[in-house]
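So this one's start_39.pdb, PDB, C-alpha atoms and all ligand atoms:
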ATOM      1  CA  MET A   1     -19.419 -58.638 -48.853
ATOM      2  CA  ASP A   2     -16.696 -57.700 -51.328
ATOM      3  CA  SER A   3     -15.099 -61.005 -52.390
ATOM      4  CA  GLU A   4     -11.692 -59.299 -52.746
ATOM      5  CA  LYS A   5     -11.663 -58.113 -49.190
ATOM      6  CA  HIS A   6      -9.136 -59.724 -46.890
ATOM      7  CA  CYS A   7      -8.126 -59.617 -43.253
ATOM      8  CA  PRO A   8      -5.562 -56.830 -42.657
ATOM      9  CA  ILE A   9      -3.680 -59.133 -40.261
ATOM     10  CA  CYS A  10      -3.634 -62.669 -41.758
ATOM     11  CA  GLN A  11      -4.951 -61.904 -45.290
ATOM     12  CA  SER A  12      -7.730 -64.520 -45.000
ATOM     13  CA  THR A  13     -10.802 -63.810 -47.119
ATOM     14  CA  ALA A  14     -13.069 -65.695 -44.697
ATOM     15  CA  LEU A  15     -14.713 -62.678 -43.065
ATOM     16  CA  ARG A  16     -18.004 -62.212 -41.265
ATOM     17  CA  LYS A  17     -19.554 -58.904 -40.229
ATOM     18  CA  GLU A  18     -20.261 -59.324 -36.516
ATOM     19  CA  PHE A  19     -21.267 -55.853 -35.287
ATOM     20  CA  VAL A  20     -23.242 -53.200 -37.135
ATOM     21  CA  GLY A  21     -23.583 -49.661 -35.753
ATOM     22  CA  VAL A  22     -21.202 -49.582 -32.774
ATOM     23  CA  LYS A  23     -21.616 -46.051 -31.419
ATOM     24  CA  ASP A  24     -19.226 -43.608 -29.790
ATOM     25  CA  LEU A  25     -21.163 -43.274 -26.525
ATOM     26  CA  GLU A  26     -18.272 -41.542 -24.727
ATOM     27  CA  TYR A  27     -17.411 -38.509 -26.911
ATOM     28  CA  TYR A  28     -19.862 -38.601 -29.852
ATOM     29  CA  SER A  29     -16.952 -37.878 -32.195
ATOM     30  CA  TYR A  30     -18.151 -39.926 -35.194
ATOM     31  CA  GLY A  31     -21.070 -41.912 -36.560
ATOM     32  CA  PRO A  32     -21.607 -45.608 -35.703
ATOM     33  CA  VAL A  33     -19.067 -48.066 -37.158
ATOM     34  CA  ASP A  34     -19.176 -51.767 -38.055
ATOM     35  CA  PHE A  35     -16.799 -54.554 -37.033
ATOM     36  CA  THR A  36     -15.964 -57.665 -39.042
ATOM     37  CA  ARG A  37     -14.420 -60.829 -37.598
ATOM     38  CA  CYS A  38     -11.768 -62.744 -39.498
ATOM     39  CA  GLN A  39     -12.437 -66.474 -39.443
ATOM     40  CA  GLY A  40      -8.749 -67.101 -40.096
ATOM     41  CA  CYS A  41      -7.123 -65.352 -37.108
ATOM     42  CA  ASP A  42     -10.171 -64.224 -35.043
ATOM     43  CA  VAL A  43      -9.295 -60.519 -35.118
ATOM     44  CA  LEU A  44     -12.166 -58.014 -35.140
ATOM     45  CA  PHE A  45     -11.568 -54.947 -37.273
ATOM     46  CA  GLN A  46     -13.473 -51.815 -38.163
ATOM     47  CA  ASP A  47     -15.049 -52.394 -41.540
ATOM     48  CA  PRO A  48     -14.478 -50.199 -43.430
ATOM     49  CA  LEU A  49     -11.386 -48.849 -41.676
ATOM     50  CA  PRO A  50     -11.847 -45.108 -41.041
ATOM     51  CA  PRO A  51     -10.357 -42.569 -43.490
ATOM     52  CA  GLU A  52      -6.929 -41.558 -42.213
ATOM     53  CA  GLU A  53      -7.663 -37.827 -42.450
ATOM     54  CA  LEU A  54     -10.641 -38.156 -40.078
ATOM     55  CA  ILE A  55      -8.762 -39.937 -37.296
ATOM     56  CA  PRO A  56      -7.504 -36.790 -35.460
ATOM     57  CA  SER A  57     -11.159 -35.735 -35.026
ATOM     58  CA  PHE A  58     -11.780 -38.918 -32.965
ATOM     59  CA  TYR A  59      -9.625 -37.470 -30.173
ATOM     60  CA  PRO A  60     -11.297 -34.354 -28.751
ATOM     61  CA  SER A  61      -9.342 -32.019 -26.451
ATOM     62  CA  ASN A  62     -11.115 -33.554 -23.427
ATOM     63  CA  TYR A  63      -9.964 -37.089 -24.378
ATOM     64  CA  ARG A  64      -9.157 -38.483 -20.946
ATOM     65  CA  ASN A  65      -5.941 -40.323 -21.843
ATOM     66  CA  TYR A  66      -4.275 -36.970 -22.534
ATOM     67  CA  LEU A  67      -5.467 -35.286 -19.373
ATOM     68  CA  VAL A  68      -3.447 -34.683 -16.265
ATOM     69  CA  GLU A  69      -5.456 -34.254 -13.059
ATOM     70  CA  ASP A  70      -4.560 -30.927 -11.403
ATOM     71  CA  LYS A  71      -6.077 -31.830  -8.044
ATOM     72  CA  PRO A  72      -6.048 -35.165  -6.219
ATOM     73  CA  SER A  73      -9.053 -37.188  -7.411
ATOM     74  CA  LEU A  74     -10.313 -40.762  -7.287
ATOM     75  CA  LEU A  75      -9.707 -41.137 -11.042
ATOM     76  CA  GLY A  76      -6.199 -39.682 -10.777
ATOM     77  CA  GLY A  77      -5.390 -41.916  -7.796
ATOM     78  CA  LEU A  78      -6.668 -45.072  -9.504
ATOM     79  CA  LYS A  79      -4.873 -44.269 -12.759
ATOM     80  CA  ASN A  80      -1.649 -43.688 -10.817
ATOM     81  CA  LEU A  81      -2.074 -46.959  -8.931
ATOM     82  CA  GLN A  82      -2.700 -48.793 -12.208
ATOM     83  CA  ALA A  83       0.393 -47.170 -13.786
ATOM     84  CA  SER A  84       2.543 -48.125 -10.764
ATOM     85  CA  MET A  85       1.341 -51.738 -10.852
ATOM     86  CA  PHE A  86       1.934 -51.947 -14.591
ATOM     87  CA  ALA A  87       5.403 -50.392 -14.247
ATOM     88  CA  LYS A  88       6.319 -53.034 -11.628
ATOM     89  CA  ASN A  89       4.991 -55.736 -13.941
ATOM     90  CA  ILE A  90       7.148 -54.432 -16.824
ATOM     91  CA  THR A  91      10.341 -54.278 -14.771
ATOM     92  CA  LYS A  92       9.834 -57.959 -13.793
ATOM     93  CA  HIS A  93      10.244 -58.881 -17.472
ATOM     94  CA  LEU A  94      13.452 -56.876 -18.044
ATOM     95  CA  LYS A  95      16.983 -58.035 -17.227
ATOM     96  CA  ASN A  96      18.251 -54.668 -16.029
ATOM     97  CA  PRO A  97      15.293 -52.285 -15.845
ATOM     98  CA  THR A  98      17.088 -49.342 -14.243
ATOM     99  CA  GLU A  99      19.662 -49.239 -17.074
ATOM    100  CA  ASN A 100      17.596 -50.612 -19.989
ATOM    101  CA  LYS A 101      16.574 -48.153 -22.681
ATOM    102  CA  ILE A 102      12.775 -48.121 -22.561
ATOM    103  CA  LEU A 103      10.388 -46.504 -25.054
ATOM    104  CA  ASP A 104       6.707 -45.898 -24.314
ATOM    105  CA  LEU A 105       5.172 -45.574 -27.787
ATOM    106  CA  GLY A 106       1.974 -43.536 -27.473
ATOM    107  CA  PHE A 107       2.651 -42.413 -23.893
ATOM    108  CA  GLY A 108      -0.559 -40.322 -23.590
ATOM    109  CA  ASN A 109      -0.351 -38.326 -20.355
ATOM    110  CA  GLY A 110       2.919 -40.009 -19.376
ATOM    111  CA  GLN A 111       1.782 -41.681 -16.134
ATOM    112  CA  LEU A 112       3.500 -44.972 -16.978
ATOM    113  CA  LEU A 113       6.807 -43.252 -17.774
ATOM    114  CA  LEU A 114       6.639 -41.375 -14.459
ATOM    115  CA  ALA A 115       5.842 -44.630 -12.620
ATOM    116  CA  LEU A 116       8.881 -46.291 -14.261
ATOM    117  CA  SER A 117      10.983 -43.290 -13.274
ATOM    118  CA  ARG A 118       9.855 -43.704  -9.634
ATOM    119  CA  LEU A 119      11.064 -47.320  -9.821
ATOM    120  CA  GLY A 120      14.546 -46.069 -10.716
ATOM    121  CA  CYS A 121      14.457 -46.544 -14.524
ATOM    122  CA  LYS A 122      16.900 -43.976 -15.877
ATOM    123  CA  ASN A 123      16.804 -44.353 -19.653
ATOM    124  CA  LEU A 124      13.202 -43.452 -20.426
ATOM    125  CA  ASN A 125      11.806 -42.294 -23.755
ATOM    126  CA  GLY A 126       8.310 -41.410 -24.876
ATOM    127  CA  ALA A 127       6.830 -40.875 -28.327
ATOM    128  CA  ASP A 128       3.383 -39.560 -29.208
ATOM    129  CA  PHE A 129       1.629 -37.690 -31.992
ATOM    130  CA  SER A 130       1.868 -34.135 -30.729
ATOM    131  CA  GLU A 131       3.402 -32.128 -27.950
ATOM    132  CA  ALA A 132       1.238 -30.669 -25.152
ATOM    133  CA  PRO A 133       1.925 -28.343 -22.202
ATOM    134  CA  GLN A 134       1.441 -31.220 -19.718
ATOM    135  CA  HIS A 135       4.522 -32.950 -21.160
ATOM    136  CA  GLU A 136       6.750 -30.441 -19.373
ATOM    137  CA  ARG A 137       6.690 -32.458 -16.139
ATOM    138  CA  LEU A 138       8.001 -35.498 -18.031
ATOM    139  CA  LYS A 139      10.937 -33.528 -19.404
ATOM    140  CA  GLN A 140      11.634 -32.275 -15.900
ATOM    141  CA  ALA A 141      11.834 -35.900 -14.762
ATOM    142  CA  GLY A 142      14.587 -36.455 -17.365
ATOM    143  CA  ILE A 143      12.370 -38.342 -19.827
ATOM    144  CA  ARG A 144      13.303 -37.837 -23.482
ATOM    145  CA  LEU A 145      10.304 -37.121 -25.712
ATOM    146  CA  ALA A 146       9.744 -37.296 -29.470
ATOM    147  CA  PHE A 147       6.699 -36.503 -31.579
ATOM    148  CA  SER A 148       5.561 -37.886 -34.919
ATOM    149  CA  ASN A 149       2.885 -39.939 -36.589
ATOM    150  CA  PHE A 150       4.573 -43.285 -35.958
ATOM    151  CA  ASP A 151       1.972 -45.111 -38.023
ATOM    152  CA  LYS A 152       4.056 -43.782 -40.920
ATOM    153  CA  HIS A 153       7.329 -42.578 -39.563
ATOM    154  CA  PHE A 154       9.204 -43.960 -36.585
ATOM    155  CA  PRO A 155      10.386 -40.972 -34.530
ATOM    156  CA  TYR A 156      13.964 -42.263 -34.047
ATOM    157  CA  SER A 157      16.798 -42.998 -36.455
ATOM    158  CA  GLU A 158      17.441 -46.552 -37.624
ATOM    159  CA  ASN A 159      20.588 -46.727 -35.516
ATOM    160  CA  GLU A 160      18.747 -46.075 -32.301
ATOM    161  CA  LYS A 161      17.782 -49.325 -30.552
ATOM    162  CA  PHE A 162      15.632 -49.934 -27.487
ATOM    163  CA  ASP A 163      15.728 -52.764 -24.946
ATOM    164  CA  CYS A 164      11.986 -52.473 -24.439
ATOM    165  CA  ILE A 165       9.211 -50.852 -26.470
ATOM    166  CA  ILE A 166       5.875 -50.557 -24.656
ATOM    167  CA  LEU A 167       2.541 -50.122 -26.445
ATOM    168  CA  ASN A 168       0.102 -49.552 -23.610
ATOM    169  CA  ASN A 169      -3.425 -49.624 -25.060
ATOM    170  CA  VAL A 170      -2.051 -48.318 -28.351
ATOM    171  CA  ILE A 171      -1.832 -51.134 -30.951
ATOM    172  CA  GLU A 172      -5.644 -51.265 -31.274
ATOM    173  CA  HIS A 173      -5.699 -47.640 -32.541
ATOM    174  CA  PHE A 174      -3.663 -48.064 -35.752
ATOM    175  CA  LEU A 175      -4.774 -48.543 -39.350
ATOM    176  CA  ASP A 176      -1.877 -50.971 -39.939
ATOM    177  CA  PRO A 177      -0.754 -52.676 -36.716
ATOM    178  CA  VAL A 178       1.493 -55.161 -38.582
ATOM    179  CA  LYS A 179       3.453 -52.283 -40.110
ATOM    180  CA  VAL A 180       3.854 -50.622 -36.694
ATOM    181  CA  LEU A 181       5.157 -53.807 -35.052
ATOM    182  CA  LYS A 182       7.505 -54.489 -37.962
ATOM    183  CA  LEU A 183       8.941 -51.006 -37.406
ATOM    184  CA  CYS A 184       9.251 -51.710 -33.673
ATOM    185  CA  LYS A 185      11.153 -54.902 -34.434
ATOM    186  CA  THR A 186      13.767 -52.991 -36.439
ATOM    187  CA  ARG A 187      14.382 -50.749 -33.404
ATOM    188  CA  LEU A 188      14.886 -53.531 -30.829
ATOM    189  CA  SER A 189      18.326 -54.181 -29.381
ATOM    190  CA  ASP A 190      19.600 -57.790 -29.171
ATOM    191  CA  GLY A 191      17.281 -59.515 -26.722
ATOM    192  CA  GLY A 192      14.941 -56.488 -26.742
ATOM    193  CA  LYS A 193      11.234 -56.911 -26.044
ATOM    194  CA  VAL A 194       7.955 -55.409 -27.199
ATOM    195  CA  ILE A 195       5.333 -55.316 -24.434
ATOM    196  CA  LEU A 196       1.727 -54.778 -25.479
ATOM    197  CA  ILE A 197      -1.467 -54.246 -23.514
ATOM    198  CA  THR A 198      -4.735 -54.318 -25.437
ATOM    199  CA  PRO A 199      -8.428 -55.089 -24.802
ATOM    200  CA  SER A 200      -9.313 -58.726 -25.493
ATOM    201  CA  SER A 201     -12.375 -59.995 -27.319
ATOM    202  CA  ASP A 202     -11.980 -63.225 -25.290
ATOM    203  CA  ALA A 203     -13.111 -61.134 -22.286
ATOM    204  CA  LEU A 204     -16.110 -62.131 -20.219
ATOM    205  CA  ASP A 205     -17.273 -58.497 -20.330
ATOM    206  CA  PHE A 206     -17.141 -58.557 -24.157
ATOM    207  CA  GLU A 207     -19.626 -61.454 -24.088
ATOM    208  CA  ILE A 208     -21.923 -59.586 -21.708
ATOM    209  CA  PHE A 209     -21.937 -56.053 -23.129
ATOM    210  CA  ARG A 210     -21.427 -56.810 -26.850
ATOM    211  CA  SER A 211     -21.758 -53.534 -28.841
ATOM    212  CA  ALA A 212     -21.760 -51.455 -25.615
ATOM    213  CA  TRP A 213     -18.439 -53.072 -24.562
ATOM    214  CA  ALA A 214     -15.895 -50.406 -23.612
ATOM    215  CA  GLY A 215     -13.109 -52.316 -25.401
ATOM    216  CA  PHE A 216     -14.563 -51.164 -28.726
ATOM    217  CA  HIS A 217     -14.000 -47.526 -27.752
ATOM    218  CA  ALA A 218     -15.427 -46.855 -31.217
ATOM    219  CA  PRO A 219     -14.347 -45.282 -33.486
ATOM    220  CA  ARG A 220     -10.899 -44.982 -31.854
ATOM    221  CA  HIS A 221     -10.189 -48.718 -31.688
ATOM    222  CA  THR A 222      -9.743 -50.057 -35.205
ATOM    223  CA  PHE A 223      -8.618 -53.598 -34.240
ATOM    224  CA  ILE A 224      -9.730 -55.804 -31.347
ATOM    225  CA  PHE A 225      -7.331 -58.643 -30.630
ATOM    226  CA  ASN A 226      -7.559 -61.741 -28.426
ATOM    227  CA  HIS A 227      -5.173 -64.580 -27.499
ATOM    228  CA  ARG A 228      -5.382 -66.104 -30.970
ATOM    229  CA  SER A 229      -5.166 -62.971 -33.120
ATOM    230  CA  MET A 230      -2.367 -61.537 -30.953
ATOM    231  CA  ALA A 231      -0.288 -64.626 -31.778
ATOM    232  CA  GLU A 232      -1.045 -64.085 -35.487
ATOM    233  CA  LEU A 233      -0.192 -60.369 -35.265
ATOM    234  CA  ALA A 234       3.182 -61.118 -33.650
ATOM    235  CA  SER A 235       4.010 -63.798 -36.209
ATOM    236  CA  ARG A 236       3.022 -61.616 -39.197
ATOM    237  CA  SER A 237       5.226 -58.837 -37.777
ATOM    238  CA  GLY A 238       8.234 -61.164 -37.564
ATOM    239  CA  LEU A 239       8.180 -61.229 -33.768
ATOM    240  CA  ARG A 240       8.259 -64.206 -31.415
ATOM    241  CA  LEU A 241       5.412 -64.131 -28.907
ATOM    242  CA  SER A 242       6.771 -65.489 -25.636
ATOM    243  CA  LEU A 243       3.858 -64.742 -23.316
ATOM    244  CA  THR A 244       0.220 -63.603 -23.344
ATOM    245  CA  THR A 245      -1.294 -63.169 -19.936
ATOM    246  CA  ALA A 246      -4.290 -61.518 -18.245
ATOM    247  CA  PHE A 247      -4.303 -57.782 -17.644
ATOM    248  CA  ASN A 248      -7.087 -56.723 -15.294
ATOM    249  CA  ASP A 249      -9.073 -53.619 -16.161
ATOM    250  CA  PRO A 250     -12.109 -53.024 -13.909
ATOM    251  CA  GLY A 251     -12.566 -49.596 -15.542
ATOM    252  CA  GLN A 252     -13.606 -51.385 -18.726
ATOM    253  CA  TRP A 253     -16.591 -52.931 -16.896
ATOM    254  CA  ALA A 254     -17.621 -49.579 -15.469
ATOM    255  CA  ILE A 255     -17.411 -47.782 -18.831
ATOM    256  CA  SER A 256     -19.391 -50.598 -20.484
ATOM    257  CA  CYS A 257     -22.159 -50.084 -17.868
ATOM    258  CA  GLN A 258     -22.019 -46.340 -18.506
ATOM    259  CA  SER A 259     -22.370 -46.886 -22.278
ATOM    260  CA  LEU A 260     -25.437 -49.097 -21.711
ATOM    261  CA  MET A 261     -26.964 -46.355 -19.540
ATOM    262  CA  VAL A 262     -26.169 -43.611 -22.094
ATOM    263  CA  ASP A 263     -27.536 -45.676 -24.969
ATOM    264  CA  ALA A 264     -30.770 -46.277 -23.019
ATOM    265  CA  ASN A 265     -31.009 -42.527 -22.218
ATOM    266  CA  LEU A 266     -30.789 -43.345 -18.497
ATOM    267  CA  THR A 267     -27.656 -41.210 -18.367
ATOM    268  CA  ASN A 268     -27.752 -37.974 -20.323
ATOM    269  CA  LYS A 269     -24.680 -37.477 -22.515
ATOM    270  CA  GLU A 270     -24.458 -33.896 -21.169
ATOM    271  CA  GLN A 271     -23.580 -35.438 -17.791
ATOM    272  CA  LEU A 272     -20.376 -36.953 -19.167
ATOM    273  CA  LYS A 273     -17.171 -35.159 -18.264
ATOM    274  CA  ASN A 274     -14.078 -36.244 -20.221
ATOM    275  CA  GLY A 275     -16.193 -39.140 -21.489
ATOM    276  CA  LEU A 276     -17.082 -40.344 -17.977
ATOM    277  CA  ALA A 277     -20.316 -40.183 -15.943
ATOM    278  CA  PRO A 278     -20.064 -39.132 -12.264
ATOM    279  CA  TYR A 279     -20.672 -42.734 -11.137
ATOM    280  CA  THR A 280     -18.234 -44.490 -13.477
ATOM    281  CA  VAL A 281     -14.998 -44.216 -11.485
ATOM    282  CA  PRO A 282     -16.576 -45.326  -8.144
ATOM    283  CA  LEU A 283     -18.289 -48.147 -10.054
ATOM    284  CA  SER A 284     -14.916 -49.406 -11.281
ATOM    285  CA  LEU A 285     -14.015 -50.122  -7.618
ATOM    286  CA  VAL A 286     -17.083 -52.374  -7.363
ATOM    287  CA  PHE A 287     -15.860 -54.338 -10.377
ATOM    288  CA  GLY A 288     -12.366 -54.736  -8.922
ATOM    289  CA  PRO A 289     -12.991 -58.211  -7.392
ATOM    290  CA  ILE A 290     -14.722 -59.498 -10.567
ATOM    291  CA  SER A 291     -11.785 -58.269 -12.609
ATOM    292  CA  ILE A 292      -9.311 -60.087 -10.329
ATOM    293  CA  ILE A 293     -11.226 -63.394 -10.605
ATOM    294  CA  GLN A 294     -11.552 -62.917 -14.368
ATOM    295  CA  GLY A 295      -7.777 -62.381 -14.491
ATOM    296  CA  LEU A 296      -7.293 -65.961 -13.302
ATOM    297  CA  THR A 297      -8.852 -67.188 -16.531
ATOM    298  CA  LYS A 298      -8.188 -66.547 -20.233
ATOM    299  CA  ARG A 299     -11.241 -64.263 -20.248
ATOM    300  CA  SER A 300      -9.620 -61.131 -18.768
ATOM    301  CA  SER A 301     -10.738 -57.681 -19.987
ATOM    302  CA  ALA A 302      -7.314 -57.026 -21.488
ATOM    303  CA  ILE A 303      -4.197 -59.024 -22.323
ATOM    304  CA  LEU A 304      -0.499 -58.354 -21.823
ATOM    305  CA  SER A 305       1.759 -59.820 -24.503
ATOM    306  CA  ILE A 306       5.531 -59.994 -24.639
ATOM    307  CA  CYS A 307       7.304 -60.412 -27.966
ATOM    308  CA  SER A 308      10.930 -60.411 -28.976
TER
HETATM  309 ZN    ZN B   1      -7.214 -62.711 -40.039
END

Could you quickly redo this structure as structure tokens?
Ligand SMILES: [Zn+2]
Amino acid sequence: MDSEKHCPICQSTALRKEFVGVKDLEYYSYGPVDFTRCQGCDVLFQDPLPPEELIPSFYPSNYRNYLVEDKPSLLGGLKNLQASMFAKNITKHLKNPTENKILDLGFGNGQLLLALSRLGCKNLNGADFSEAPQHERLKQAGIRLAFSNFDKHFPYSENEKFDCIILNNVIEHFLDPVKVLKLCKTRLSDGGKVILITPSSDALDFEIFRSAWAGFHAPRHTFIFNHRSMAELASRSGLRLSLTTAFNDPGQWAISCQSLMVDANLTNKEQLKNGLAPYTVPLSLVFGPISIIQGLTKRSSAILSICS
């Protein structure tokens, strides 16, 4: 390994390649990628990091996080339930959630913003890379939207401050997560908080599925954090990490099973719709109880961190 190479989070040069050839078994958008673990802070990162100009091609038009279900469906219902539970969780951590100015950075299809709106939050903002027709329903709900590549340019002026900035399964997608969090810090009001959800490499399911683990979501996830590396990320970004707790995600188990099946040719990739096999969503219900038990330990599928 290149002796000059260092960890993009903590700058340590003690690096070890841990995964070679992690495939995109959901969308087949890109060739297999490798992941290196930093011995200093324990973060896993794509090595090499993907070329910036290729990244848009990792998100096909059927990428499920952008989609809005037209008809009632099990997936739509579960996603809505998850968004509602997460919204309730967020409001518990805010002093005055109905009045607080909240920004969902990388809002995807906007389900979380709508769930916060249903809870009475009135000052809601969403930022994402590009505008889509399905964003109309968010505007109708009074949610203010902005669009830009916030890896480089924060979509609001320096004078605009937020009481809460949410990165819901977003921080693991960037080429420079420290830079993004530093930018977030400059846009926090006094006492403002950054709330992050991200897959955790401390997860029990990571240990079981290894390169088929859904948390890799390769090549879209560039960094995989855990309790230790999240603390390092916050500190390097000038933020104070006040809490890291379990965030249950039974869907991650189901997608990991699906990826094992696809890789073994037991599920044909032609059967995948929006990156999901017909059995994957029902299977996530089966994993619900495991996910809840796992959430009682430090080995949850994902982690929720609060920084200020
Ligand atoms: Zn490191």

- Task: Output the residue selection produced by the PyMOL selection byres (((chain A and resi 290-299) around 7) and not hetatm) on the file above, formatted as a PyMOL selection string.
- Result: chain A and resi 202-204+246-250+287-289+300-301

- Query: What do you get as a PyMOL selection string if you pick all residues at most 12 Å from ligand ZN 1 (chain B), counting all atoms listed in the file?
  - Reply: chain A and resi 5-16+36-45+178+223-226+228-233+235-236

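Proximity to Thr186 (chain A) was assessed for A:Ser29, A:Asn159, A:Asn169, A:Thr222 counting all atoms listed in the file; the smallest distance is recorded for A:Asn159.
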
- Task: Go through A:Ala254, A:Gly31, A:Thr198, A:Pro48 one by one, measure the shortest atom-to-atom distance of each to His227 (chain A) using only C-alpha atoms, and give the residue with the smallest value.
- Result: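 Comparing A:Ala254, A:Gly31, A:Thr198, A:Pro48 against His227 (chain A), the winner is A:Thr198.
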
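Taking only C-alpha atoms, the non-local environment of Tyr156 (chain A) within 10 Å (same-chain residues fewer than 4 positions away omitted) comprises Ala127, Ala146, Phe147, Ser148, Phe150, Glu160, Lys161 and Arg187 of chain A.
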
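As for CA of Val22 (chain A) and CA of Ile55 (chain A), they are spaced 16.4 Å apart.
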
- Item | Who sits within 12 Å of Pro282 (chain A), all atoms listed in the file, same chain under 5 positions skipped, as JSON, numbers by chain | {"A": [73, 74, 75, 77, 78, 250, 251, 253, 254, 255, 258, 276, 277, 287, 288]}

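We find CA of Leu113 (chain A) and CA of Pro219 (chain A) to be spaced 26.4 Å apart.
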
- Message: Under the rule that only C-alpha atoms are counted, which of A:Val33, A:Leu81, A:Leu25, A:Cys184 is the nearest residue to Ala264 (chain A)?
- Response: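 Smallest separation from Ala264 (chain A) among the options: A:Leu25.
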
- Would you please work out which residue, of A:Leu49, A:Asp24, A:Asn89, A:Cys307, is nearest to Arg240 (chain A) when using only C-alpha atoms? A:Cys307

Can you put N, CA and C atoms back into region 4-15 of chain A and show it as a PDB file, keeping the file's coordinate frame?
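Saved as part21.pdb:
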ATOM      1  N   GLU A   4     -13.134 -59.572 -52.737  1.00  0.00           N
ATOM      2  CA  GLU A   4     -11.692 -59.299 -52.746  1.00  0.00           C
ATOM      3  C   GLU A   4     -11.173 -58.916 -51.364  1.00  0.00           C
ATOM      4  N   LYS A   5     -12.084 -58.638 -50.487  1.00  0.00           N
ATOM      5  CA  LYS A   5     -11.663 -58.113 -49.190  1.00  0.00           C
ATOM      6  C   LYS A   5     -10.928 -59.180 -48.381  1.00  0.00           C
ATOM      7  N   HIS A   6      -9.873 -58.757 -47.700  1.00  0.00           N
ATOM      8  CA  HIS A   6      -9.136 -59.724 -46.890  1.00  0.00           C
ATOM      9  C   HIS A   6      -8.800 -59.139 -45.526  1.00  0.00           C
ATOM     10  N   CYS A   7      -8.471 -60.028 -44.622  1.00  0.00           N
ATOM     11  CA  CYS A   7      -8.126 -59.617 -43.253  1.00  0.00           C
ATOM     12  C   CYS A   7      -6.815 -58.825 -43.274  1.00  0.00           C
ATOM     13  N   PRO A   8      -6.792 -57.627 -42.646  1.00  0.00           N
ATOM     14  CA  PRO A   8      -5.562 -56.830 -42.657  1.00  0.00           C
ATOM     15  C   PRO A   8      -4.422 -57.486 -41.860  1.00  0.00           C
ATOM     16  N   ILE A   9      -4.740 -58.482 -41.048  1.00  0.00           N
ATOM     17  CA  ILE A   9      -3.680 -59.133 -40.261  1.00  0.00           C
ATOM     18  C   ILE A   9      -3.192 -60.407 -40.960  1.00  0.00           C
ATOM     19  N   CYS A  10      -4.093 -61.364 -41.239  1.00  0.00           N
ATOM     20  CA  CYS A  10      -3.634 -62.669 -41.758  1.00  0.00           C
ATOM     21  C   CYS A  10      -3.946 -62.870 -43.240  1.00  0.00           C
ATOM     22  N   GLN A  11      -4.615 -61.884 -43.853  1.00  0.00           N
ATOM     23  CA  GLN A  11      -4.951 -61.904 -45.290  1.00  0.00           C
ATOM     24  C   GLN A  11      -6.050 -62.899 -45.668  1.00  0.00           C
ATOM     25  N   SER A  12      -6.646 -63.581 -44.684  1.00  0.00           N
ATOM     26  CA  SER A  12      -7.730 -64.520 -45.000  1.00  0.00           C
ATOM     27  C   SER A  12      -8.914 -63.758 -45.622  1.00  0.00           C
ATOM     28  N   THR A  13      -9.609 -64.433 -46.536  1.00  0.00           N
ATOM     29  CA  THR A  13     -10.802 -63.810 -47.119  1.00  0.00           C
ATOM     30  C   THR A  13     -12.072 -64.329 -46.437  1.00  0.00           C
ATOM     31  N   ALA A  14     -11.905 -65.182 -45.429  1.00  0.00           N
ATOM     32  CA  ALA A  14     -13.069 -65.695 -44.697  1.00  0.00           C
ATOM     33  C   ALA A  14     -13.443 -64.689 -43.608  1.00  0.00           C
ATOM     34  N   LEU A  15     -14.360 -63.788 -43.958  1.00  0.00           N
ATOM     35  CA  LEU A  15     -14.713 -62.678 -43.065  1.00  0.00           C
ATOM     36  C   LEU A  15     -16.211 -62.681 -42.797  1.00  0.00           C
TER      37      LEU A  15
END
